[in-house]
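Dropping structure-v5.pdb in here (PDB, C-alpha atoms):
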ATOM      1  CA  MET U   1     166.938 147.715  54.250  1.00  0.00           C
ATOM      2  CA  LYS U   2     163.358 147.867  53.000  1.00  0.00           C
ATOM      3  CA  ARG U   3     162.063 151.329  52.139  1.00  0.00           C
ATOM      4  CA  GLU U   4     158.731 152.345  53.556  1.00  0.00           C
ATOM      5  CA  GLN U   5     156.034 152.737  50.946  1.00  0.00           C
ATOM      6  CA  HIS U   6     154.199 156.037  51.015  1.00  0.00           C
ATOM      7  CA  HIS U   7     150.510 155.592  50.338  1.00  0.00           C
ATOM      8  CA  THR U   8     147.989 158.365  49.908  1.00  0.00           C
ATOM      9  CA  ASN U   9     144.943 158.333  52.161  1.00  0.00           C
ATOM     10  CA  GLN U  10     142.837 157.282  49.183  1.00  0.00           C
ATOM     11  CA  GLU U  11     145.176 154.372  48.376  1.00  0.00           C
ATOM     12  CA  ILE U  12     144.959 153.214  51.995  1.00  0.00           C
ATOM     13  CA  LEU U  13     141.164 153.332  51.991  1.00  0.00           C
ATOM     14  CA  ASN U  14     140.956 151.677  48.564  1.00  0.00           C
ATOM     15  CA  GLY U  15     143.222 148.913  49.891  1.00  0.00           C
ATOM     16  CA  LEU U  16     140.907 148.438  52.860  1.00  0.00           C
ATOM     17  CA  VAL U  17     137.833 148.178  50.623  1.00  0.00           C
ATOM     18  CA  GLU U  18     139.534 145.789  48.196  1.00  0.00           C
ATOM     19  CA  SER U  19     140.768 143.644  51.083  1.00  0.00           C
ATOM     20  CA  CYS U  20     137.217 143.406  52.454  1.00  0.00           C
ATOM     21  CA  LEU U  21     135.467 142.721  49.160  1.00  0.00           C
ATOM     22  CA  ASN U  22     137.934 139.975  48.249  1.00  0.00           C
ATOM     23  CA  PHE U  23     138.157 138.547  51.797  1.00  0.00           C
ATOM     24  CA  ASN U  24     141.906 138.919  51.552  1.00  0.00           C
ATOM     25  CA  PRO U  25     143.126 140.482  54.805  1.00  0.00           C
ATOM     26  CA  SER U  26     146.804 140.179  53.857  1.00  0.00           C
ATOM     27  CA  TYR U  27     146.263 142.549  50.913  1.00  0.00           C
ATOM     28  CA  PHE U  28     145.762 145.354  53.443  1.00  0.00           C
ATOM     29  CA  ILE U  29     149.035 144.785  55.346  1.00  0.00           C
ATOM     30  CA  PRO U  30     151.227 147.231  53.328  1.00  0.00           C
ATOM     31  CA  HIS U  31     148.561 149.930  53.726  1.00  0.00           C
ATOM     32  CA  LEU U  32     148.078 149.242  57.431  1.00  0.00           C
ATOM     33  CA  LEU U  33     151.810 149.616  58.017  1.00  0.00           C
ATOM     34  CA  SER U  34     151.779 153.173  56.668  1.00  0.00           C
ATOM     35  CA  LYS U  35     152.710 155.826  59.233  1.00  0.00           C
ATOM     36  CA  LYS U  36     149.463 157.563  58.273  1.00  0.00           C
ATOM     37  CA  VAL U  37     147.375 154.765  59.796  1.00  0.00           C
ATOM     38  CA  ILE U  38     146.696 154.857  63.523  1.00  0.00           C
ATOM     39  CA  THR U  39     144.492 152.783  65.809  1.00  0.00           C
ATOM     40  CA  ASP U  40     143.562 152.490  69.486  1.00  0.00           C
ATOM     41  CA  TRP U  41     144.780 148.907  69.493  1.00  0.00           C
ATOM     42  CA  PRO U  42     148.025 148.267  71.384  1.00  0.00           C
ATOM     43  CA  ASN U  43     149.782 147.845  68.029  1.00  0.00           C
ATOM     44  CA  LYS U  44     148.999 147.284  64.369  1.00  0.00           C
ATOM     45  CA  VAL U  45     149.677 143.548  64.625  1.00  0.00           C
ATOM     46  CA  SER U  46     146.901 143.104  67.189  1.00  0.00           C
ATOM     47  CA  PHE U  47     144.591 145.266  65.065  1.00  0.00           C
ATOM     48  CA  TYR U  48     145.388 143.112  62.015  1.00  0.00           C
ATOM     49  CA  ILE U  49     144.778 139.836  63.874  1.00  0.00           C
ATOM     50  CA  PHE U  50     141.317 140.991  64.960  1.00  0.00           C
ATOM     51  CA  TYR U  51     140.551 142.507  61.526  1.00  0.00           C
ATOM     52  CA  LYS U  52     141.524 139.247  59.843  1.00  0.00           C
ATOM     53  CA  TYR U  53     139.382 137.238  62.246  1.00  0.00           C
ATOM     54  CA  MET U  54     136.359 139.518  61.756  1.00  0.00           C
ATOM     55  CA  LEU U  55     136.752 139.536  57.967  1.00  0.00           C
ATOM     56  CA  LEU U  56     136.955 135.747  57.759  1.00  0.00           C
ATOM     57  CA  CYS U  57     133.957 135.412  60.126  1.00  0.00           C
ATOM     58  CA  ALA U  58     132.025 137.795  57.886  1.00  0.00           C
ATOM     59  CA  LYS U  59     132.864 135.607  54.896  1.00  0.00           C
ATOM     60  CA  GLU U  60     131.722 132.482  56.731  1.00  0.00           C
ATOM     61  CA  ASN U  61     128.451 134.056  57.921  1.00  0.00           C
ATOM     62  CA  SER U  62     127.448 135.904  54.757  1.00  0.00           C
ATOM     63  CA  VAL U  63     124.743 134.901  52.331  1.00  0.00           C
ATOM     64  CA  GLY U  64     124.762 135.852  48.648  1.00  0.00           C
ATOM     65  CA  GLN U  65     126.314 138.883  47.015  1.00  0.00           C
ATOM     66  CA  LEU U  66     128.192 141.330  49.244  1.00  0.00           C
ATOM     67  CA  THR U  67     128.020 145.094  49.008  1.00  0.00           C
ATOM     68  CA  PHE U  68     130.211 147.728  50.605  1.00  0.00           C
ATOM     69  CA  LYS U  69     128.740 150.982  51.903  1.00  0.00           C
ATOM     70  CA  ILE U  70     130.361 154.015  53.456  1.00  0.00           C
ATOM     71  CA  GLU U  71     127.887 155.393  55.961  1.00  0.00           C
ATOM     72  CA  LYS U  72     127.568 158.236  58.470  1.00  0.00           C
ATOM     73  CA  PRO U  73     124.938 157.224  61.027  1.00  0.00           C
ATOM     74  CA  LYS U  74     122.851 160.000  62.528  1.00  0.00           C
ATOM     75  CA  TRP U  75     123.776 158.845  66.033  1.00  0.00           C
ATOM     76  CA  GLU U  76     127.517 159.357  65.450  1.00  0.00           C
ATOM     77  CA  LYS U  77     128.471 162.684  67.030  1.00  0.00           C
ATOM     78  CA  ASP U  78     131.962 162.898  65.511  1.00  0.00           C
ATOM     79  CA  LYS U  79     131.414 164.319  62.027  1.00  0.00           C
ATOM     80  CA  LEU U  80     134.820 163.050  60.827  1.00  0.00           C
ATOM     81  CA  ILE U  81     133.912 159.393  61.428  1.00  0.00           C
ATOM     82  CA  GLU U  82     132.559 157.152  58.692  1.00  0.00           C
ATOM     83  CA  TYR U  83     131.622 153.505  58.923  1.00  0.00           C
ATOM     84  CA  TYR U  84     132.848 151.190  56.204  1.00  0.00           C
ATOM     85  CA  ASN U  85     130.197 148.457  56.259  1.00  0.00           C
ATOM     86  CA  LEU U  86     130.053 145.153  54.426  1.00  0.00           C
ATOM     87  CA  TYR U  87     126.528 143.806  53.862  1.00  0.00           C
ATOM     88  CA  ASP U  88     125.256 140.533  52.474  1.00  0.00           C
ATOM     89  CA  SER U  89     121.973 139.882  50.664  1.00  0.00           C
ATOM     90  CA  LYS U  90     120.110 138.417  53.648  1.00  0.00           C
ATOM     91  CA  HIS U  91     120.943 140.213  56.884  1.00  0.00           C
ATOM     92  CA  LYS U  92     119.731 143.681  57.879  1.00  0.00           C
ATOM     93  CA  HIS U  93     122.906 144.573  59.795  1.00  0.00           C
ATOM     94  CA  SER U  94     126.409 144.695  58.384  1.00  0.00           C
ATOM     95  CA  ARG U  95     128.580 141.591  58.446  1.00  0.00           C
ATOM     96  CA  LEU U  96     131.639 143.770  59.133  1.00  0.00           C
ATOM     97  CA  SER U  97     131.913 147.380  60.248  1.00  0.00           C
ATOM     98  CA  ILE U  98     135.126 149.385  60.307  1.00  0.00           C
ATOM     99  CA  VAL U  99     135.336 152.819  61.911  1.00  0.00           C
ATOM    100  CA  VAL U 100     137.322 155.265  59.768  1.00  0.00           C
ATOM    101  CA  LYS U 101     138.289 158.773  60.811  1.00  0.00           C
ATOM    102  CA  LYS U 102     140.336 160.956  58.467  1.00  0.00           C
ATOM    103  CA  PHE U 103     142.144 163.928  59.991  1.00  0.00           C
ATOM    104  CA  ASP U 104     145.481 165.775  59.717  1.00  0.00           C
ATOM    105  CA  GLU U 105     146.812 163.437  56.992  1.00  0.00           C
ATOM    106  CA  LYS U 106     146.136 160.485  59.291  1.00  0.00           C
ATOM    107  CA  ILE U 107     143.575 157.710  59.130  1.00  0.00           C
ATOM    108  CA  PHE U 108     142.240 156.226  62.352  1.00  0.00           C
ATOM    109  CA  LEU U 109     140.878 152.672  62.057  1.00  0.00           C
ATOM    110  CA  ASP U 110     138.947 150.501  64.446  1.00  0.00           C
ATOM    111  CA  THR U 111     136.727 147.456  64.045  1.00  0.00           C
ATOM    112  CA  MET U 112     133.353 147.023  65.617  1.00  0.00           C
ATOM    113  CA  PRO U 113     133.156 143.880  67.766  1.00  0.00           C
ATOM    114  CA  PHE U 114     129.993 142.513  66.137  1.00  0.00           C
TER     115      PHE U 114
END
Could you render the structure as structure tokens?
Amino acid sequence: MKREQHHTNQEILNGLVESCLNFNPSYFIPHLLSKKVITDWPNKVSFYIFYKYMLLCAKENSVGQLTFKIEKPKWEKDKLIEYYNLYDSKHKHSRLSIVVKKFDEKIFLDTMPF
């Protein structure tokens, strides 16, 4: 029987960032499977499938060097939410945006559909 790995919140978020910057969605799987990670998706498999698709689309549609920014837009009313955004060197808007909310030793994740 495989033992569940216990990741800290910071390890989970670092895994997400590394997965994005290296366009390696499978790197994030062990972190996503942590009991600390929750999502509004029906299950984590469906979240992962969409995340993988969006990450690979971002790779295909990006130009030049990519940067990763953690942002809190002024329009976001929930003060616990941050947006993990991946930008390229050409486009004004992010190539990938992931909603992250940290609360009660849990991390909520969602992907923006554009």
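Among the candidates U:Ser94, U:Thr8, U:Ser62, U:Ser26, the residue lying nearest to Val45 (chain U) is U:Ser26 (atoms considered: only C-alpha atoms).
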Worksheet entry | Contacts of region 15-23 of chain U at 9 Å (only C-alpha atoms; same-chain gap of 4+ positions) as a PyMOL selection string | chain U and resi 10-11+27-32+52+55-56+58-59+66-68+84+86+96
Worksheet entry | Point-to-point distance from CA of Ile107 (chain U) to CA of Leu80 (chain U), Å rounded to tenths | 10.4 Å
Item to complete: Determine, counting all atoms listed in the file, which protein, DNA and RNA residues have an atom within 9 Å of an atom of Thr111 (chain U); residues of the same chain fewer than 5 positions away are not included. Present the result as number ranges by chain.
Response: U: 47, 50-51, 54, 96-100
Writer output for current selection, C-alpha atoms, as a CSV table (one decimal), in the frame of the given file:
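Below is the file out-v1.csv, written as the result:
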chain,number,residue,atom,x,y,z
U,47,PHE,CA,144.6,145.3,65.1
U,50,PHE,CA,141.3,141.0,65.0
U,51,TYR,CA,140.6,142.5,61.5
U,54,MET,CA,136.4,139.5,61.8
U,96,LEU,CA,131.6,143.8,59.1
U,97,SER,CA,131.9,147.4,60.2
U,98,ILE,CA,135.1,149.4,60.3
U,99,VAL,CA,135.3,152.8,61.9
U,100,VAL,CA,137.3,155.3,59.8
Worksheet entry | One-decimal distance in Å that lies between CA of Leu109 (chain U) and CA of Lys90 (chain U) | 26.6 Å
Discussion item. Between CA of Tyr87 (chain U) and CA of Cys57 (chain U), what distance in Å does the model show, to one decimal?
Written reply: 12.8 Å
Practice prompt. Could you tell me which residues the PyMOL selection byres ((chain U and resi 63) around 7) returns for this structure, as a PyMOL selection string?
Written response: chain U and resi 61-62+64-65+88-90
